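Written below as C-alpha cells is the structure these notes are about.
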Amino acid sequence: MAQREAVLRLDEQWSRIRSGAAHAQPAEADALLAELIGALREPARTDAECAARLGLRLGDLAARRFAAGDRGGALAAIEEGLRFSQRAAGHSPEFARWYARGLINQGVWLSWPLSDGERLPKHPLGSGYESGPSAMERAAGERALDLTRSAVEVWAGLDQEDPVNQRGLAQAKVFLGDRLSELGLAEDAVAWAVDAEGSFRRLLLAGPGSEGSQEAEEALDHIGRQLELRLRFLSFDSLVGLRARGLLPERLLPQAVVAARIQGVAEPEIAARLRLEADQVRTMLEVTPWLAVWRIEVRGSDGLWNVQPHPWHSGVEVRNRTAEDVGSELVRGFAASSDYPGEGAHWRIRVWWHTEGDPAGARFRLVIGPEAATATPS
C-alpha cells in the first residue's frame with residue numbers, strides 16, 4: 001500500500017510539471033518521467049489505476065519523443081502504453097477516456113507521412129491517381145484508420161449525457177474524417193465531418209458561454225474549412241450521394257454546384273440530381289466564382305519542360321465555366337500567340353481549381369506533340 005501511494009505521489013508530481021503548474025528543466029522532466037514509468041510497472045500488473053496511469057505516462061513519453069522528431073520511438077512507446085490502457089479501460093470511464101485519446105494519438109502519428117507540412121492530405125484522391133501513397137504509407141494509414149474507428153467506438157460507449165463524453169466523441173469523429181481523407185476516401189471523410197459538425201453545434205447550443213463553448217466554436221471553424229477543402233476532391237456522383245443522405249449542408253450547396261460544373265456536368269443534370277430548381281443552379285453559378293490556375297510548358301531540345309511566362313502561367317476567377325472550357329480557350333490562345341513553339345513541338349497545359357499543383361490533381365490536362373494530343377478533364 002505504501003509503495004502504491006508513493007507511486008501515485010510521483011505521478012501527481014509529474015502531472016504538475018506536465019500541466020505547467022510546476023517547472024522543471026527538460027532533462028529533469030525526462031528523468032522524472034522515466035522514474036515514474038519504471039515505478040508504475042510492477043503495481044500495474046495487478047492494479048487497474050496503476051495500469052491506466054502507466055498507459056497514460058507511456059503516452060506522454062511517446063508525445064515527447066514525437067515532438068523531438070523520433071516518430072519510431074513514439075510509436076513504440078504508445079503501442080506499449082495502449083496495452084496497459086486497454087486492460088484498464090473497463091474499470092472506469094476516466095480510464096476509458098485515456099485509452100480513447102491514446103488510440104487517436106497513435107493514429108495521428110502513424111498517418112503523419114500521409115499529410116504535408118500544413119497537415120493537408122498529400123493523396124486526397126487515394127492510390128488510384130497520378131501518384132498515390134506508397135504501400136508502407138498506405139498500410140500505416142489503414143492501421144491509423146482502424147485505431148481511430150476504435151476510439152470512436154470507445155467514446156460512443158460512454159455515457160452521452162456527460163458533456164465531456166459528448167465532446168470526446170465529436171472530436172474523435174473529426175479525427176476519423178482526417179484519417180479517411182488521407183487515404184483518399186473523400187466521400188466518407190465529408191460524411192464524418194458533417195456528423196462531427198452536427199455534434200459540435202448541439203454542444204454549442206446546449207451550453208453557450210460554457211467552458212467547452214470556445215472549444216466547440218474552434219472545432220466548427222476547423223470543420224468548416226475542412227469541408228470546403230474536401231468538396232473539391234469529390235466526384236459529382238459522390239456529391240449526389242451525400243445530398244441524398246442529408247450530408248451536404250445547405251451552406252455548401254453553391255460550392256457543390258460549382259464543383260459539378262467544373263467537372264463538366266450540365267446545368268439541368270446538376271439541378272435534377274442535387275434536387276435543386278434550375279434557377280437556383282443558374283444563380284449559384286453566376287454568383288460563385290472559382291479560381292482557375294494554369295501552367296503551360298514547352299519541352300526543350302534537352303527533354304526538359306520549360307514553364308512559359310505570363311499569361312501562360314497564371315490564374316483568374318471565372319464563373320459558370322468548366323475546366324475544359326478554360327483549358328480549351330488557353331490552348332487556342334497559345335496556339336495563336338508569338339510564344340507558340342510551332343508544329344511538331346511538344347507542349348502541355350494543366351488547369352487546376354484553386355491551387356497550382358493541387359493534390360486533387362489537374363482538372364484539365366492536355367499534352368500536344370507529333371504523336372498525339374490527349375485532353376483529360378478530371
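To be explicit about the labels: the chains of the C-alpha cells are called A, B, and onward in the order shown, and within each one the residues are counted from 1, while ligands get numbers from 1 in the order they are shown.
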
Open item on the list: Which residues are close to Gln106 (chain A), i.e. within 8 Å by only C-alpha atoms, leaving aside same-chain residues fewer than 3 positions away? Reply as a list in words.
Closed with: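 Everything that qualifies: Leu75, Ile78, Glu79, Gly102, Leu103, Trp109, Leu110, Ala144 and Leu147 of chain A.
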
Take the residues from that selection and write them out as a PDB file, in the first residue's frame, keeping N, CA and C atoms.
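Contents of selection-v7.pdb, as written:
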```pdb
ATOM      1  N   LEU A  75       6.010   5.747 -31.629  1.00  0.00           N
ATOM      2  CA  LEU A  75       5.065   4.664 -31.934  1.00  0.00           C
ATOM      3  C   LEU A  75       5.305   3.449 -31.050  1.00  0.00           C
ATOM      4  N   ILE A  78       3.803   4.388 -27.531  1.00  0.00           N
ATOM      5  CA  ILE A  78       2.338   4.424 -27.467  1.00  0.00           C
ATOM      6  C   ILE A  78       1.760   3.027 -27.654  1.00  0.00           C
ATOM      7  N   GLU A  79       2.420   2.195 -28.458  1.00  0.00           N
ATOM      8  CA  GLU A  79       1.950   0.821 -28.653  1.00  0.00           C
ATOM      9  C   GLU A  79       1.980   0.066 -27.329  1.00  0.00           C
ATOM     10  N   GLY A 102      -5.443   7.913 -26.382  1.00  0.00           N
ATOM     11  CA  GLY A 102      -4.218   7.249 -26.821  1.00  0.00           C
ATOM     12  C   GLY A 102      -4.368   6.639 -28.201  1.00  0.00           C
ATOM     13  N   LEU A 103      -5.527   6.032 -28.469  1.00  0.00           N
ATOM     14  CA  LEU A 103      -5.784   5.460 -29.788  1.00  0.00           C
ATOM     15  C   LEU A 103      -5.729   6.542 -30.867  1.00  0.00           C
ATOM     16  N   TRP A 109       0.061   9.777 -35.291  1.00  0.00           N
ATOM     17  CA  TRP A 109       1.493   9.571 -35.528  1.00  0.00           C
ATOM     18  C   TRP A 109       1.742   8.540 -36.623  1.00  0.00           C
ATOM     19  N   LEU A 110       0.899   7.521 -36.699  1.00  0.00           N
ATOM     20  CA  LEU A 110       1.051   6.535 -37.774  1.00  0.00           C
ATOM     21  C   LEU A 110       0.822   7.170 -39.148  1.00  0.00           C
ATOM     22  N   ALA A 144      -3.980   3.326 -38.905  1.00  0.00           N
ATOM     23  CA  ALA A 144      -4.416   4.526 -38.195  1.00  0.00           C
ATOM     24  C   ALA A 144      -5.928   4.685 -38.259  1.00  0.00           C
ATOM     25  N   LEU A 147      -7.530   2.256 -35.790  1.00  0.00           N
ATOM     26  CA  LEU A 147      -7.370   2.733 -34.416  1.00  0.00           C
ATOM     27  C   LEU A 147      -8.352   3.863 -34.106  1.00  0.00           C
TER      28      LEU A 147
END
```

TODO: Fewer than 6 positions away in the same chain doesn't count, so skip those; otherwise give me all residues within 10 Å of Arg143 (chain A), counting only C-alpha atoms, as a PyMOL selection string.
DONE: chain A and resi 106-107+110-111+137+149+179

Open item on the list: Show me, as a PyMOL selection string, the residues that have an atom within 6 Å of region 345-355 of chain A when counting only C-alpha atoms, minus same-chain residues fewer than 6 positions from it.
Closed with: chain A and resi 291-299+362-369

TODO: Mind giving me the straight-line distance from CA of Ala48 (chain A) to CA of Asp162 (chain A) in Å, one decimal?
DONE: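 Computing it gives 22.8 Å between the two atoms.
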
Open item on the list: as an MDAnalysis selection string, please: every residue in region 180-354 of chain A that DSSP puts in alpha helix (DSSP H).
Closed with: chainID A and resid 180:182 186:206 213:231 236:244 253:262 267:273 278:287 323:335

TODO: Write out as number ranges by chain each polymer residue whose atoms come within 12 Å of region 60-64 of chain A, counting only C-alpha atoms; drop sequence neighbours fewer than 5 positions from it.
DONE: A: 11, 14-15, 17-19, 26-27, 29-37, 53-55, 69-82, 98, 101-102, 105-106, 108-109

Set out as a Markdown table a contact list for region 121-161 of chain A and region 183-195 of chain A with a cut-off of 12 Å, giving each residue of region 121-161 of chain A that qualifies its closest atom pair and distance in Å to one decimal, counting only C-alpha atoms, ordered by chain and rising residue number.
```
| residue | atom | partner | partner_atom | distance |
| --- | --- | --- | --- | --- |
| A:Pro121 | CA | A:Leu183 | CA | 8.1 |
| A:Lys122 | CA | A:Leu183 | CA | 9.2 |
| A:His123 | CA | A:Gly184 | CA | 6.2 |
| A:Pro124 | CA | A:Gly184 | CA | 4.3 |
| A:Leu125 | CA | A:Gly184 | CA | 4.3 |
| A:Gly126 | CA | A:Gly184 | CA | 3.7 |
| A:Ser127 | CA | A:Gly184 | CA | 7.4 |
| A:Gly128 | CA | A:Gly184 | CA | 9.0 |
| A:Tyr129 | CA | A:Gly184 | CA | 9.5 |
| A:Ser131 | CA | A:Gly184 | CA | 11.8 |
| A:Gly132 | CA | A:Gly184 | CA | 8.9 |
| A:Pro133 | CA | A:Leu183 | CA | 8.2 |
| A:Ser134 | CA | A:Leu183 | CA | 11.1 |
| A:Ala135 | CA | A:Leu183 | CA | 11.6 |
| A:Glu137 | CA | A:Leu183 | CA | 9.5 |
| A:Arg138 | CA | A:Leu183 | CA | 7.1 |
| A:Ala139 | CA | A:Leu183 | CA | 9.9 |
| A:Ala140 | CA | A:Leu183 | CA | 10.1 |
| A:Gly141 | CA | A:Leu183 | CA | 6.7 |
| A:Glu142 | CA | A:Leu183 | CA | 7.6 |
| A:Arg143 | CA | A:Leu183 | CA | 11.0 |
| A:Ala144 | CA | A:Leu183 | CA | 10.2 |
| A:Leu145 | CA | A:Leu183 | CA | 8.8 |
| A:Arg149 | CA | A:Trp192 | CA | 11.1 |
| A:Val152 | CA | A:Trp192 | CA | 11.0 |
```

Val7 (chain A) surroundings by only C-alpha atoms, 9 Å radius, close-in-sequence under 5 positions cut, as a tab-separated table (two decimals) with N, CA, C and O atoms, in the first residue's frame:
```tsv
chain	number	residue	atom	x	y	z
A	2	ALA	N	1.92	1.27	0.84
A	2	ALA	CA	2.81	2.44	0.92
A	2	ALA	C	3.50	2.66	-0.42
A	2	ALA	O	3.68	3.80	-0.86
A	12	GLU	N	1.53	12.41	-9.36
A	12	GLU	CA	0.99	13.75	-9.14
A	12	GLU	C	2.06	14.81	-9.40
A	12	GLU	O	1.78	15.88	-9.98
A	36	LEU	N	9.04	7.52	-13.10
A	36	LEU	CA	7.63	7.22	-12.87
A	36	LEU	C	7.19	5.98	-13.65
A	36	LEU	O	6.51	5.10	-13.10
A	39	ALA	N	8.51	2.96	-11.97
A	39	ALA	CA	7.85	2.70	-10.69
A	39	ALA	C	6.45	2.14	-10.89
A	39	ALA	O	5.94	1.40	-10.03
A	40	LEU	N	5.79	2.48	-12.00
A	40	LEU	CA	4.43	2.01	-12.24
A	40	LEU	C	4.36	0.58	-12.76
A	40	LEU	O	3.31	-0.06	-12.69
A	43	PRO	N	3.26	-2.37	-9.94
A	43	PRO	CA	1.85	-2.34	-9.49
A	43	PRO	C	0.86	-2.41	-10.65
A	43	PRO	O	-0.29	-2.83	-10.44
A	50	CYS	N	-3.08	1.88	-11.63
A	50	CYS	CA	-1.66	1.97	-11.99
A	50	CYS	C	-1.46	1.58	-13.46
A	50	CYS	O	-0.62	2.18	-14.16
```

Task: Close residues, Gln263 (chain A) itself excluded, 12 Å, only C-alpha atoms, min 6 positions apart in chain, as a PyMOL selection string - done: chain A and resi 232-237+239+256-257+270+320-326+351-353+362-364+376-378

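Omitting Glu49 (chain A) and its sequence neighbours fewer than 6 positions away, and counting only C-alpha atoms, the residues within 9 Å are Ala88, His91, Ser92 and Phe95 of chain A.
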
File of the preceding selection, all heavy atoms, as a compact mmCIF listing (two decimals), in the first residue's frame:
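Output below, filename again_37.txt:
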```txt
# COMPACT_ATOMS: atom_id res chain seq x y z
N ALA A 88 -7.10 -1.52 -18.61
CA ALA A 88 -7.72 -0.75 -17.51
C ALA A 88 -9.01 -0.07 -17.93
O ALA A 88 -9.79 0.36 -17.07
CB ALA A 88 -6.73 0.29 -17.01
N HIS A 91 -12.52 -0.47 -16.28
CA HIS A 91 -12.68 -0.26 -14.83
C HIS A 91 -13.21 1.12 -14.48
O HIS A 91 -13.67 1.32 -13.34
CB HIS A 91 -11.33 -0.48 -14.12
CG HIS A 91 -10.87 -1.90 -14.14
ND1 HIS A 91 -11.15 -2.79 -13.13
CD2 HIS A 91 -10.17 -2.59 -15.08
CE1 HIS A 91 -10.62 -3.97 -13.42
NE2 HIS A 91 -10.01 -3.88 -14.59
N SER A 92 -13.16 2.07 -15.40
CA SER A 92 -13.57 3.43 -15.07
C SER A 92 -13.77 4.23 -16.36
O SER A 92 -13.00 4.07 -17.31
CB SER A 92 -12.47 4.10 -14.21
OG SER A 92 -12.49 5.49 -14.35
N PHE A 95 -10.62 6.06 -17.21
CA PHE A 95 -9.59 5.23 -17.82
C PHE A 95 -9.94 4.95 -19.29
O PHE A 95 -9.04 4.90 -20.14
CB PHE A 95 -9.44 3.90 -17.07
CG PHE A 95 -9.04 4.05 -15.62
CD1 PHE A 95 -9.17 2.97 -14.75
CD2 PHE A 95 -8.54 5.25 -15.13
CE1 PHE A 95 -8.81 3.10 -13.41
CE2 PHE A 95 -8.18 5.39 -13.79
CZ PHE A 95 -8.32 4.30 -12.95
```

Task: Nearest to His222 (chain A), chosen from A:Ser181, A:Gln171, A:Gln13, A:Ser150, with only C-alpha atoms counted in the distances - done: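 Closest residue, counting only C-alpha atoms: A:Gln171.
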
TODO: Provide the CA of Pro311 (chain A) to CA of Glu356 (chain A) distance in Å, to one decimal place.
DONE: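 Interatomic distance here is 14.4 Å.
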
TODO: Please measure the separation of CA of Arg319 (chain A) and CA of Val258 (chain A), giving the value in Å to one decimal.
DONE: 8.4 Å

Task: Nearest to Val316 (chain A) by atom-to-atom distance, counting only C-alpha atoms, from A:Trp290, A:Arg332, A:Glu217, A:Glu28 - done: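 Ranked by minimum distance to Val316 (chain A), first place goes to A:Trp290.
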
List every residue of region 242-282 of chain A that has an atom at most 12 Å from any atom of region 196-205 of chain A, giving for each one its closest atom pair and the distance in Å to one decimal, counting only C-alpha atoms, sorted by chain and then by ascending residue number, as JSON lines.
```
{"residue": "A:Gly246", "atom": "CA", "partner": "A:Gly198", "partner_atom": "CA", "distance": 11.8}
{"residue": "A:Leu247", "atom": "CA", "partner": "A:Gly198", "partner_atom": "CA", "distance": 10.2}
{"residue": "A:Leu248", "atom": "CA", "partner": "A:Glu197", "partner_atom": "CA", "distance": 11.5}
{"residue": "A:Pro249", "atom": "CA", "partner": "A:Glu197", "partner_atom": "CA", "distance": 10.0}
```
